[in-house]
$ cat model_39.txt   # compact mmCIF, C-alpha atoms
# COMPACT_ATOMS: atom_id res chain seq x y z
CA MET T 1 18.33 38.23 41.53
CA ALA T 2 18.79 40.51 38.58
CA ALA T 3 15.27 41.92 38.77
CA ASP T 4 16.70 45.36 39.65
CA ASN T 5 18.09 45.60 36.15
CA VAL T 6 14.78 44.79 34.49
CA GLN T 7 12.85 47.81 33.27
CA THR T 8 9.10 48.10 32.87
CA PHE T 9 8.09 49.43 29.47
CA THR T 10 4.64 50.89 28.83
CA ASP T 11 2.72 52.60 26.03
CA GLY T 12 3.60 55.82 27.87
CA ASN T 13 7.37 55.42 28.10
CA PHE T 14 8.11 53.24 25.04
CA GLU T 15 9.09 56.08 22.72
CA GLU T 16 11.44 57.61 25.27
CA THR T 17 13.01 54.46 26.74
CA VAL T 18 13.10 52.11 23.74
CA ILE T 19 12.75 53.94 20.42
CA LYS T 20 14.96 56.90 21.32
CA ALA T 21 17.44 54.87 23.40
CA GLY T 22 21.10 55.12 22.48
CA GLY T 23 22.04 51.46 22.79
CA PRO T 24 20.25 48.18 22.12
CA VAL T 25 17.05 47.43 24.04
CA LEU T 26 15.52 43.99 24.54
CA VAL T 27 11.75 44.01 25.14
CA ASP T 28 9.95 40.98 26.56
CA PHE T 29 6.25 41.07 25.55
CA TRP T 30 4.37 39.03 28.15
CA ALA T 31 1.10 38.59 30.04
CA GLU T 32 0.00 37.26 33.39
CA TRP T 33 -2.12 34.50 31.79
CA CYS T 34 0.67 33.18 29.56
CA GLY T 35 2.35 30.08 31.07
CA PRO T 36 5.37 30.06 28.74
CA CYS T 37 5.95 33.77 29.48
CA LYS T 38 6.36 32.88 33.13
CA ARG T 39 8.88 30.21 32.19
CA LEU T 40 10.89 32.66 30.13
CA GLY T 41 10.78 35.33 32.87
CA PRO T 42 13.77 34.07 34.90
CA THR T 43 15.87 33.77 31.72
CA VAL T 44 15.14 37.41 30.85
CA ASP T 45 15.99 38.42 34.44
CA ALA T 46 19.31 36.57 34.15
CA LEU T 47 20.10 38.24 30.81
CA ALA T 48 19.43 41.63 32.39
CA GLY T 49 22.12 40.83 34.94
CA ASP T 50 24.59 39.55 32.35
CA TYR T 51 24.16 42.54 30.03
CA ALA T 52 23.86 45.26 32.67
CA GLY T 53 25.32 48.47 31.27
CA LYS T 54 25.43 47.07 27.71
CA VAL T 55 21.84 46.28 26.79
CA THR T 56 18.70 47.74 28.34
CA ILE T 57 16.35 44.88 29.12
CA GLY T 58 12.73 45.13 30.20
CA LYS T 59 9.21 43.78 30.00
CA LEU T 60 6.01 45.04 28.46
CA ASN T 61 2.66 43.68 29.61
CA VAL T 62 0.52 43.21 26.48
CA ASP T 63 -2.73 43.43 28.46
CA GLU T 64 -1.93 46.85 29.84
CA ASN T 65 -0.18 48.26 26.77
CA PRO T 66 -2.29 47.49 23.71
CA SER T 67 -1.03 50.22 21.41
CA THR T 68 2.65 49.19 21.50
CA THR T 69 1.57 45.54 21.22
CA MET T 70 -0.46 46.34 18.10
CA LYS T 71 2.13 48.64 16.60
CA PHE T 72 4.71 45.84 16.56
CA GLN T 73 2.20 43.26 15.32
CA ILE T 74 2.61 40.97 18.30
CA ARG T 75 0.49 37.87 17.59
CA GLY T 76 2.13 35.39 19.90
CA ILE T 77 3.86 35.57 23.25
CA PRO T 78 6.34 35.30 24.79
CA ALA T 79 7.98 37.49 22.15
CA LEU T 80 11.39 39.10 22.56
CA LEU T 81 12.14 42.04 20.27
CA LEU T 82 15.58 43.60 20.12
CA PHE T 83 15.58 47.29 19.17
CA LYS T 84 18.56 49.26 17.96
CA GLY T 85 18.32 52.85 16.77
CA GLY T 86 14.55 52.69 17.07
CA GLN T 87 14.28 49.70 14.71
CA VAL T 88 13.47 46.06 15.40
CA VAL T 89 16.66 44.17 14.54
CA GLU T 90 15.75 40.75 15.96
CA SER T 91 12.64 38.96 17.13
CA VAL T 92 12.33 35.63 18.91
CA VAL T 93 8.86 34.21 19.49
CA GLY T 94 8.27 31.40 21.97
CA LEU T 95 10.63 29.75 24.41
CA ALA T 96 14.36 29.87 23.87
CA HIS T 97 17.50 28.85 25.72
CA LYS T 98 19.58 31.52 27.38
CA ASP T 99 22.56 30.61 25.18
CA GLU T 100 20.54 31.04 21.99
CA LEU T 101 19.31 34.43 23.16
CA LYS T 102 22.85 35.49 24.02
CA LYS T 103 23.98 34.66 20.48
CA VAL T 104 21.16 36.79 19.07
CA ILE T 105 21.98 39.73 21.35
CA ASP T 106 25.75 39.46 20.85
CA LYS T 107 25.35 40.14 17.12
CA HIS T 108 24.23 43.66 17.96
CA ILE T 109 26.62 44.85 20.66
CA MET E 1 31.76 13.95 43.34
CA GLN E 2 29.18 11.74 45.01
CA PRO E 3 26.59 10.43 42.59
CA ARG E 4 23.02 11.55 43.18
CA ASN E 5 20.52 8.94 44.26
CA VAL E 6 17.92 10.14 41.78
CA VAL E 7 18.14 12.58 38.89
CA ILE E 8 14.73 13.43 37.44
CA ILE E 9 14.53 14.91 33.94
CA GLY E 10 11.36 16.92 33.39
CA SER E 11 9.01 19.01 35.51
CA GLY E 12 5.44 18.16 34.54
CA PRO E 13 3.13 16.24 36.87
CA ALA E 14 5.13 13.01 36.36
CA GLY E 15 8.54 14.52 37.17
CA LEU E 16 7.31 16.58 40.11
CA THR E 17 5.43 13.65 41.64
CA ALA E 18 8.54 11.46 41.28
CA ALA E 19 10.45 14.28 43.01
CA LEU E 20 7.90 14.56 45.82
CA TYR E 21 7.99 10.84 46.57
CA SER E 22 11.74 10.45 46.37
CA ALA E 23 12.28 13.59 48.46
CA ARG E 24 9.96 12.22 51.13
CA ALA E 25 11.94 8.96 51.00
CA ASN E 26 14.98 11.07 51.91
CA LEU E 27 16.74 10.44 48.60
CA LYS E 28 17.48 14.16 48.04
CA PRO E 29 16.48 14.10 44.37
CA LEU E 30 17.77 16.53 41.80
CA LEU E 31 15.23 17.63 39.21
CA ILE E 32 16.25 19.28 35.96
CA GLU E 33 13.31 21.32 34.69
CA GLY E 34 13.85 21.56 30.96
CA LEU E 35 12.91 24.31 28.54
CA GLU E 36 9.16 23.68 28.71
CA ALA E 37 9.16 23.81 32.51
CA GLY E 38 5.92 22.73 34.12
CA GLY E 39 4.96 20.73 31.05
CA GLN E 40 1.82 20.86 28.97
CA LEU E 41 -0.40 21.93 31.87
CA MET E 42 1.30 25.33 31.75
CA LEU E 43 -0.60 25.91 28.51
CA THR E 44 -4.01 25.02 29.89
CA THR E 45 -6.62 26.98 31.81
CA LEU E 46 -9.13 25.38 34.17
CA ILE E 47 -8.53 21.69 34.91
CA GLU E 48 -11.73 20.07 36.08
CA ASN E 49 -10.66 16.43 36.23
CA PHE E 50 -7.82 16.48 38.74
CA PRO E 51 -9.32 14.76 41.78
CA GLY E 52 -9.48 16.82 44.94
CA PHE E 53 -10.15 20.13 43.25
CA LYS E 54 -13.92 20.06 43.05
CA ASP E 55 -14.16 23.56 41.57
CA GLY E 56 -11.26 22.98 39.21
CA ILE E 57 -7.77 24.49 39.33
CA MET E 58 -5.82 26.51 36.79
CA GLY E 59 -3.10 24.42 35.11
CA PRO E 60 -0.22 26.81 35.90
CA ASP E 61 -1.39 27.08 39.53
CA LEU E 62 -1.47 23.31 39.90
CA MET E 63 2.06 23.06 38.54
CA GLY E 64 3.28 25.87 40.80
CA ASP E 65 1.86 24.04 43.81
CA MET E 66 3.36 20.69 42.76
CA ARG E 67 6.74 22.37 42.37
CA ALA E 68 6.50 24.02 45.79
CA GLN E 69 5.46 20.72 47.37
CA ALA E 70 8.41 18.86 45.83
CA GLU E 71 10.78 21.60 47.02
CA LYS E 72 9.31 21.65 50.51
CA PHE E 73 10.54 18.09 51.07
CA GLY E 74 14.04 18.77 49.80
CA THR E 75 14.02 18.40 46.01
CA GLU E 76 16.80 20.39 44.41
CA ILE E 77 15.41 21.99 41.24
CA VAL E 78 17.76 23.14 38.48
CA ARG E 79 16.54 25.55 35.79
CA ALA E 80 18.32 24.02 32.83
CA HIS E 81 17.76 21.81 29.82
CA VAL E 82 19.44 18.41 29.58
CA THR E 83 21.72 18.30 26.55
CA SER E 84 22.93 14.69 26.73
CA VAL E 85 22.85 11.56 28.84
CA ASP E 86 25.05 8.49 29.07
CA LEU E 87 23.08 5.52 30.32
CA THR E 88 25.81 3.02 29.49
CA MET E 89 28.04 4.30 32.30
CA ARG E 90 27.54 3.54 36.01
CA PRO E 91 26.74 5.81 37.70
CA PHE E 92 24.71 7.33 34.88
CA VAL E 93 25.76 10.69 33.45
CA VAL E 94 23.34 13.56 32.81
CA ARG E 95 24.60 16.82 31.29
CA ALA E 96 22.73 20.11 31.50
CA ALA E 97 24.04 23.60 30.78
CA ASP E 98 27.72 23.44 31.86
CA GLN E 99 27.13 20.88 34.58
CA GLU E 100 27.60 17.14 34.61
CA TYR E 101 25.59 15.12 37.09
CA ARG E 102 26.20 11.50 38.04
CA ALA E 103 23.27 9.43 39.21
CA LYS E 104 22.51 6.01 40.66
CA THR E 105 19.07 6.18 39.10
CA VAL E 106 17.52 8.36 36.40
CA VAL E 107 13.81 9.10 36.11
CA ILE E 108 12.82 10.21 32.63
CA ALA E 109 9.77 12.48 32.65
CA THR E 110 10.43 14.55 29.56
CA GLY E 111 6.85 14.36 28.35
CA ALA E 112 5.64 15.18 24.88
CA SER E 113 5.58 18.37 22.83
CA ALA E 114 3.09 19.69 20.31
CA LYS E 115 3.36 18.31 16.79
CA LEU E 116 3.38 20.68 13.85
CA LEU E 117 1.91 20.23 10.38
CA GLY E 118 5.35 20.44 8.80
CA LEU E 119 4.61 23.23 6.32
CA GLU E 120 7.24 25.81 5.45
CA SER E 121 4.63 28.57 5.77
CA GLU E 122 3.70 27.31 9.22
CA ARG E 123 7.25 27.68 10.52
CA ARG E 124 7.73 31.09 8.94
CA LEU E 125 4.50 32.45 10.44
CA MET E 126 4.93 30.94 13.91
CA GLY E 127 4.12 33.74 16.35
CA ARG E 128 2.61 35.72 13.48
CA GLY E 129 -0.75 34.00 13.54
CA VAL E 130 0.40 30.40 13.70
CA SER E 131 0.33 29.10 17.27
CA THR E 132 0.34 25.91 19.34
CA CYS E 133 -0.90 27.69 22.47
CA ALA E 134 -4.48 28.96 22.53
CA THR E 135 -4.21 30.26 26.07
CA CYS E 136 -1.13 32.31 25.14
CA ASP E 137 -2.21 33.76 21.84
CA GLY E 138 -6.03 33.68 21.62
CA PHE E 139 -6.07 37.16 23.15
CA PHE E 140 -4.59 38.67 20.00
CA PHE E 141 -7.49 37.61 17.77
CA ARG E 142 -10.47 39.31 19.38
CA GLY E 143 -13.38 39.58 16.94
CA GLN E 144 -11.52 37.75 14.18
CA GLU E 145 -12.06 34.53 12.25
CA ILE E 146 -9.51 31.84 13.06
CA ALA E 147 -8.87 28.12 12.57
CA VAL E 148 -8.01 25.20 14.83
CA VAL E 149 -6.43 22.17 13.19
CA GLY E 150 -7.07 18.79 14.81
CA GLY E 151 -9.86 16.45 15.88
CA GLY E 152 -8.87 15.31 19.36
CA ASP E 153 -9.75 16.52 22.84
CA SER E 154 -7.05 19.18 22.82
CA ALA E 155 -8.35 20.59 19.55
CA MET E 156 -11.92 20.75 20.92
CA GLU E 157 -10.71 22.38 24.10
CA GLU E 158 -8.73 24.98 22.17
CA ALA E 159 -11.63 25.67 19.79
CA ILE E 160 -14.06 26.20 22.69
CA TYR E 161 -11.58 28.38 24.55
CA LEU E 162 -10.90 30.49 21.47
CA THR E 163 -14.59 31.31 21.00
CA ARG E 164 -14.12 33.70 23.95
CA PHE E 165 -12.12 35.92 21.65
CA ALA E 166 -12.79 34.99 18.03
CA SER E 167 -15.98 35.74 16.11
CA LYS E 168 -15.72 32.37 14.37
CA VAL E 169 -13.56 29.28 14.88
CA ILE E 170 -13.18 26.85 11.99
CA VAL E 171 -12.13 23.36 13.07
CA VAL E 172 -10.12 21.62 10.36
CA HIS E 173 -9.78 17.85 10.60
CA ARG E 174 -8.72 15.48 7.88
CA ARG E 175 -11.06 12.64 8.79
CA PRO E 176 -14.89 12.56 8.65
CA MET E 177 -15.09 11.63 12.35
CA LEU E 178 -13.52 13.42 15.30
CA ARG E 179 -11.18 11.60 17.66
CA ALA E 180 -12.29 13.63 20.67
CA SER E 181 -14.24 12.15 23.57
CA LYS E 182 -18.02 12.35 23.41
CA ILE E 183 -18.33 15.02 26.09
CA MET E 184 -15.84 17.31 24.34
CA GLN E 185 -17.44 16.77 20.93
CA GLU E 186 -20.87 17.63 22.32
CA LYS E 187 -19.54 20.78 23.97
CA ALA E 188 -17.88 21.88 20.73
CA ARG E 189 -20.86 21.05 18.51
CA ALA E 190 -23.18 23.01 20.78
CA ASN E 191 -21.04 26.12 20.41
CA PRO E 192 -22.57 28.43 17.75
CA LYS E 193 -19.22 30.10 16.99
CA ILE E 194 -17.59 26.82 15.91
CA VAL E 195 -17.91 25.70 12.30
CA TRP E 196 -16.50 22.51 10.82
CA ALA E 197 -14.20 21.74 7.90
CA LEU E 198 -14.01 17.96 8.13
CA GLU E 199 -12.19 15.75 5.64
CA SER E 200 -9.96 18.72 4.90
CA GLU E 201 -6.26 19.38 5.28
CA VAL E 202 -4.31 22.59 5.53
CA GLU E 203 -2.24 22.78 2.38
CA GLU E 204 -0.67 26.16 2.98
CA ILE E 205 -0.87 29.16 5.29
CA ARG E 206 -0.67 32.53 3.53
CA ASP E 207 0.30 36.00 4.67
CA ALA E 208 -0.47 38.12 1.58
CA GLY E 209 2.95 39.73 1.95
CA ARG E 210 2.07 41.23 5.35
CA ASN E 211 4.12 38.83 7.46
CA GLU E 212 1.04 37.80 9.44
CA VAL E 213 -1.51 35.10 8.68
CA SER E 214 -4.19 36.22 6.22
CA SER E 215 -5.64 32.93 4.99
CA MET E 216 -5.23 29.18 4.79
CA VAL E 217 -5.59 26.94 1.77
CA LEU E 218 -7.69 23.86 2.50
CA ARG E 219 -7.58 20.70 0.43
CA GLU E 220 -10.64 18.46 0.50
CA VAL E 221 -9.32 14.95 1.12
CA GLN E 222 -11.94 13.22 -1.09
CA THR E 223 -11.85 15.46 -4.13
CA GLY E 224 -8.50 17.24 -3.87
CA ARG E 225 -10.32 20.53 -4.37
CA LEU E 226 -8.46 23.57 -3.01
CA THR E 227 -10.21 26.49 -1.28
CA GLU E 228 -8.65 29.60 0.19
CA VAL E 229 -10.27 30.56 3.49
CA PRO E 230 -9.50 33.93 5.07
CA VAL E 231 -8.39 33.55 8.72
CA SER E 232 -6.08 35.62 10.88
CA ALA E 233 -4.75 32.72 12.91
CA VAL E 234 -4.18 28.98 12.68
CA PHE E 235 -3.91 27.09 15.97
CA VAL E 236 -2.29 23.69 15.50
CA ALA E 237 -3.58 20.94 17.85
CA ILE E 238 -2.80 17.72 16.02
CA GLY E 239 -1.29 15.83 18.91
CA HIS E 240 2.08 15.39 20.52
CA ARG E 241 5.37 13.63 20.00
CA PRO E 242 7.39 12.17 22.86
CA ASN E 243 10.59 13.99 23.82
CA THR E 244 12.96 11.06 23.51
CA ALA E 245 15.65 12.31 21.11
CA LEU E 246 18.13 12.40 24.03
CA PHE E 247 17.71 8.69 24.70
CA LYS E 248 17.64 7.26 21.20
CA GLY E 249 19.94 4.27 20.91
CA GLN E 250 20.37 4.04 24.69
CA ILE E 251 16.95 2.92 25.73
CA GLU E 252 14.19 0.85 24.14
CA LEU E 253 11.61 2.95 22.28
CA ASP E 254 8.51 1.87 20.39
CA ALA E 255 7.92 2.66 16.71
CA ALA E 256 6.37 6.03 17.57
CA GLY E 257 9.34 6.97 19.77
CA TYR E 258 7.72 6.38 23.17
CA ILE E 259 9.83 4.76 25.90
CA ILE E 260 8.76 1.17 26.55
CA THR E 261 8.14 0.48 30.24
CA HIS E 262 7.38 -2.79 31.98
CA ASP E 263 6.51 -3.91 35.54
CA GLY E 264 5.68 -0.39 36.64
CA ALA E 265 8.03 2.32 35.48
CA LYS E 266 11.03 0.15 34.55
CA THR E 267 12.76 0.58 31.21
CA ASN E 268 15.07 -1.98 29.60
CA VAL E 269 18.02 -0.32 31.38
CA PRO E 270 18.10 -1.28 35.08
CA GLY E 271 18.13 1.89 37.18
CA VAL E 272 16.45 4.00 34.53
CA PHE E 273 12.73 4.64 34.98
CA ALA E 274 10.21 6.49 32.85
CA CYS E 275 6.89 8.11 33.70
CA GLY E 276 4.26 10.39 32.23
CA ASP E 277 3.58 11.13 28.56
CA VAL E 278 7.06 10.11 27.43
CA GLN E 279 5.96 6.48 27.91
CA ASP E 280 2.18 6.82 27.54
CA HIS E 281 0.40 7.54 24.29
CA ILE E 282 -2.91 6.19 25.52
CA TYR E 283 -4.10 7.94 28.70
CA ARG E 284 -2.04 11.15 28.71
CA GLN E 285 -3.80 12.70 31.69
CA ALA E 286 -2.36 14.85 34.49
CA ILE E 287 -3.50 12.29 37.02
CA THR E 288 -2.07 9.27 35.19
CA ALA E 289 1.22 11.13 34.69
CA ALA E 290 1.34 11.93 38.41
CA GLY E 291 0.49 8.31 39.24
CA SER E 292 3.25 6.95 37.05
CA GLY E 293 5.67 9.50 38.58
CA CYS E 294 4.90 7.99 41.95
CA MET E 295 5.58 4.51 40.54
CA ALA E 296 8.91 5.63 39.10
CA ALA E 297 10.01 7.08 42.45
CA LEU E 298 9.08 3.92 44.35
CA ASP E 299 10.78 1.73 41.72
CA ALA E 300 13.91 3.89 41.96
CA GLU E 301 13.87 3.63 45.75
CA HIS E 302 13.64 -0.17 45.63
CA TYR E 303 16.40 -0.28 43.05
CA ILE E 304 18.74 1.85 45.21
CA ASP E 305 17.98 -0.31 48.25
CA GLY E 306 19.00 -3.33 46.22
CA ILE E 307 22.39 -2.01 45.10
CA PRO E 308 25.05 -3.90 47.09
CA GLU E 309 26.81 -1.68 49.63
CA HIS E 310 30.26 -1.87 47.95
CA LEU E 311 28.82 -0.47 44.73
CA GLN E 312 27.09 2.43 46.46
CA THR E 313 30.07 4.74 45.97
$ encode --input "model_39.txt" --output "structure tokens"
Amino acid sequence: MAADNVQTFTDGNFEETVIKAGGPVLVDFWAEWCGPCKRLGPTVDALAGDYAGKVTIGKLNVDENPSTTMKFQIRGIPALLLFKGGQVVESVVGLAHKDELKKVIDKHI
Amino acid sequence: MQPRNVVIIGSGPAGLTAALYSARANLKPLLIEGLEAGGQLMLTTLIENFPGFKDGIMGPDLMGDMRAQAEKFGTEIVRAHVTSVDLTMRPFVVRAADQEYRAKTVVIATGASAKLLGLESERRLMGRGVSTCATCDGFFFRGQEIAVVGGGDSAMEEAIYLTRFASKVIVVHRRPMLRASKIMQEKARANPKIVWALESEVEEIRDAGRNEVSSMVLREVQTGRLTEVPVSAVFVAIGHRPNTALFKGQIELDAAGYIITHDGAKTNVPGVFACGDVQDHIYRQAITAAGSGCMAALDAEHYIDGIPEHLQT
């Protein structure tokens, strides 16, 4: 599958890999205990394949990375935040179809 | 293209049990998961009333095992959401993503989804303190005061679960009496972190300009008096609505939108069967959903056996 294209973001690397990134970055905030996050996982993996080279796509575990989770006021997961130029340009909370997510991403590439 | 023997729509306990039985009957079923794959049990924690698991089992684990069991016997599972069906054609037509499937029988197991209060503020603050999933989002409200709206078993369960994180859980219910079963009510009432706002309705959810929940406005049903109560989250647990929009006008529904079944899992359209919460507003248990999934599979098998040979294209 596309898992090779999926990055792992952490409190430690967030500034470098997301905020200072050149192109758009999609971050999937998730946790092990969140059923819907597990449902969304394969969709995010598939998007990472589809947008390889165009959009950096990765996951951030909210349990292990509390400071980034707090900084972006995450209050519900799964939450997908799209960053561009260090700013949040889109956020989608809860489950979504792949096609809907593509529309959201396509506005920014 | 050869029509499928059985196309199952939905992947909760009803759909996966229908898949298991029809796979074991060698019908090579196709199951289309849907957006909320795994169904409502994916949002639960420990399930203590599914027979056979004497120490309980986690909802997502149970669903993972049911899925694996259905696959083991040859169910083909598609990760997609059905966009339309045509039950007037024979074979039936089911469309999902860019694919069109034709089927001799269709098993509808689309379940029910959480109802919302219908407030503008609720929609705007979804994921910003408003939630329908305590197990997903309770974590974010450690040490805070929060609310649960609803008076049924699910609301009690959520309230009790949320006391793990929250300092106080206010249960808001518009009637003087709870709908929940006695055992759940007793559990909730015994919990010192749970307080009650009965005969009250949520009028509005506020964010004080911060784009995250800061309070709710409660209206006392008797007097109409409004009170603003500071909370950092509102969990909505006011019941479910059946996922039947796809079938409206093609299959017989009751006034509340549930599919009407008779003589087992049969609907008014021969060859179309329904199981689980999409046709049950009374029991709504994992075990009854699984049981009715079994019935749907057996009914579908009998139906296929009865189709004259020359029509079995």
$ closest_atom_pairs --input "model_39.txt" --of "chain T" --to "chain E" --cutoff "8 Å" --atoms "all atoms listed in the file" --output "JSON lines"
{"residue": "T:Trp33", "atom": "CA", "partner": "E:Cys136", "partner_atom": "CA", "distance": 7.1}
{"residue": "T:Cys34", "atom": "CA", "partner": "E:Cys136", "partner_atom": "CA", "distance": 4.9}
{"residue": "T:Gly35", "atom": "CA", "partner": "E:Met42", "partner_atom": "CA", "distance": 4.9}
{"residue": "T:Pro36", "atom": "CA", "partner": "E:Met42", "partner_atom": "CA", "distance": 6.9}
{"residue": "T:Arg39", "atom": "CA", "partner": "E:Ala37", "partner_atom": "CA", "distance": 6.4}
{"residue": "T:Gln73", "atom": "CA", "partner": "E:Arg128", "partner_atom": "CA", "distance": 7.8}
{"residue": "T:Ile74", "atom": "CA", "partner": "E:Arg128", "partner_atom": "CA", "distance": 7.1}
{"residue": "T:Arg75", "atom": "CA", "partner": "E:Arg128", "partner_atom": "CA", "distance": 5.1}
{"residue": "T:Gly76", "atom": "CA", "partner": "E:Gly127", "partner_atom": "CA", "distance": 4.4}
{"residue": "T:Ile77", "atom": "CA", "partner": "E:Cys136", "partner_atom": "CA", "distance": 6.3}
{"residue": "T:Ala79", "atom": "CA", "partner": "E:Gly127", "partner_atom": "CA", "distance": 7.9}
{"residue": "T:Val93", "atom": "CA", "partner": "E:Gly127", "partner_atom": "CA", "distance": 5.7}
{"residue": "T:Gly94", "atom": "CA", "partner": "E:Gly127", "partner_atom": "CA", "distance": 7.4}
{"residue": "T:Leu95", "atom": "CA", "partner": "E:Leu35", "partner_atom": "CA", "distance": 7.2}
{"residue": "T:Ala96", "atom": "CA", "partner": "E:Leu35", "partner_atom": "CA", "distance": 7.4}
{"residue": "T:His97", "atom": "CA", "partner": "E:Leu35", "partner_atom": "CA", "distance": 7.0}
$ residues_near_point --input "model_39.txt" --point "(21.7, 2.8, 43.3)" --cutoff "7 Å" --atoms "all atoms listed in the file" --output "list of chain:residue names"
E:Asn5, E:Lys104, E:Thr105, E:Tyr303, E:Ile304, E:Asp305, E:Ile307, E:Gln312
$ write_last_selection --input "model_39.txt" --atoms "C-alpha atoms" --output "mmCIF file, keeping the file's coordinate frame"
data_model
loop_
_atom_site.group_PDB
_atom_site.id
_atom_site.type_symbol
_atom_site.label_atom_id
_atom_site.label_comp_id
_atom_site.auth_asym_id
_atom_site.auth_seq_id
_atom_site.Cartn_x
_atom_site.Cartn_y
_atom_site.Cartn_z
ATOM 1 C CA ASN E 5 20.520 8.940 44.260
ATOM 2 C CA LYS E 104 22.510 6.010 40.660
ATOM 3 C CA THR E 105 19.070 6.180 39.100
ATOM 4 C CA TYR E 303 16.400 -0.280 43.050
ATOM 5 C CA ILE E 304 18.740 1.850 45.210
ATOM 6 C CA ASP E 305 17.980 -0.310 48.250
ATOM 7 C CA ILE E 307 22.390 -2.010 45.100
ATOM 8 C CA GLN E 312 27.090 2.430 46.460
#
$ closest_residue --input "model_39.txt" --among "E:Met63, E:Arg206, E:Met156, E:Ile260" --to "Ile183 in chain E" --atoms "all atoms listed in the file"
E:Met156
$ atom_distance --input "model_39.txt" --atom1 "CA of Arg189 in chain E" --atom2 "CA of Leu116 in chain E"
24.7 Å
$ atom_distance --input "model_39.txt" --atom1 "CA of Ala166 in chain E" --atom2 "CA of Trp196 in chain E"
14.9 Å
$ atom_distance --input "model_39.txt" --atom1 "CA of Lys54 in chain T" --atom2 "CA of Lys71 in chain T"
25.9 Å
$ closest_residue --input "model_39.txt" --among "T:Glu90, T:Asp63, T:Asp50, T:Glu100" --to "Pro24 in chain T" --atoms "only C-alpha atoms"
T:Glu90
$ residues_near_point --input "model_39.txt" --point "(17.2, 31.8, 34.4)" --cutoff "10 Å" --atoms "only C-alpha atoms" --output "VMD selection string"
(chain T and resid 1 to 2 39 to 47 97 to 98) or (chain E and resid 78 to 80)
$ closest_residue --input "model_39.txt" --among "T:Leu60, T:Ala21, T:Met70, T:Leu26" --to "Thr8 in chain T" --atoms "all atoms listed in the file"
T:Leu60
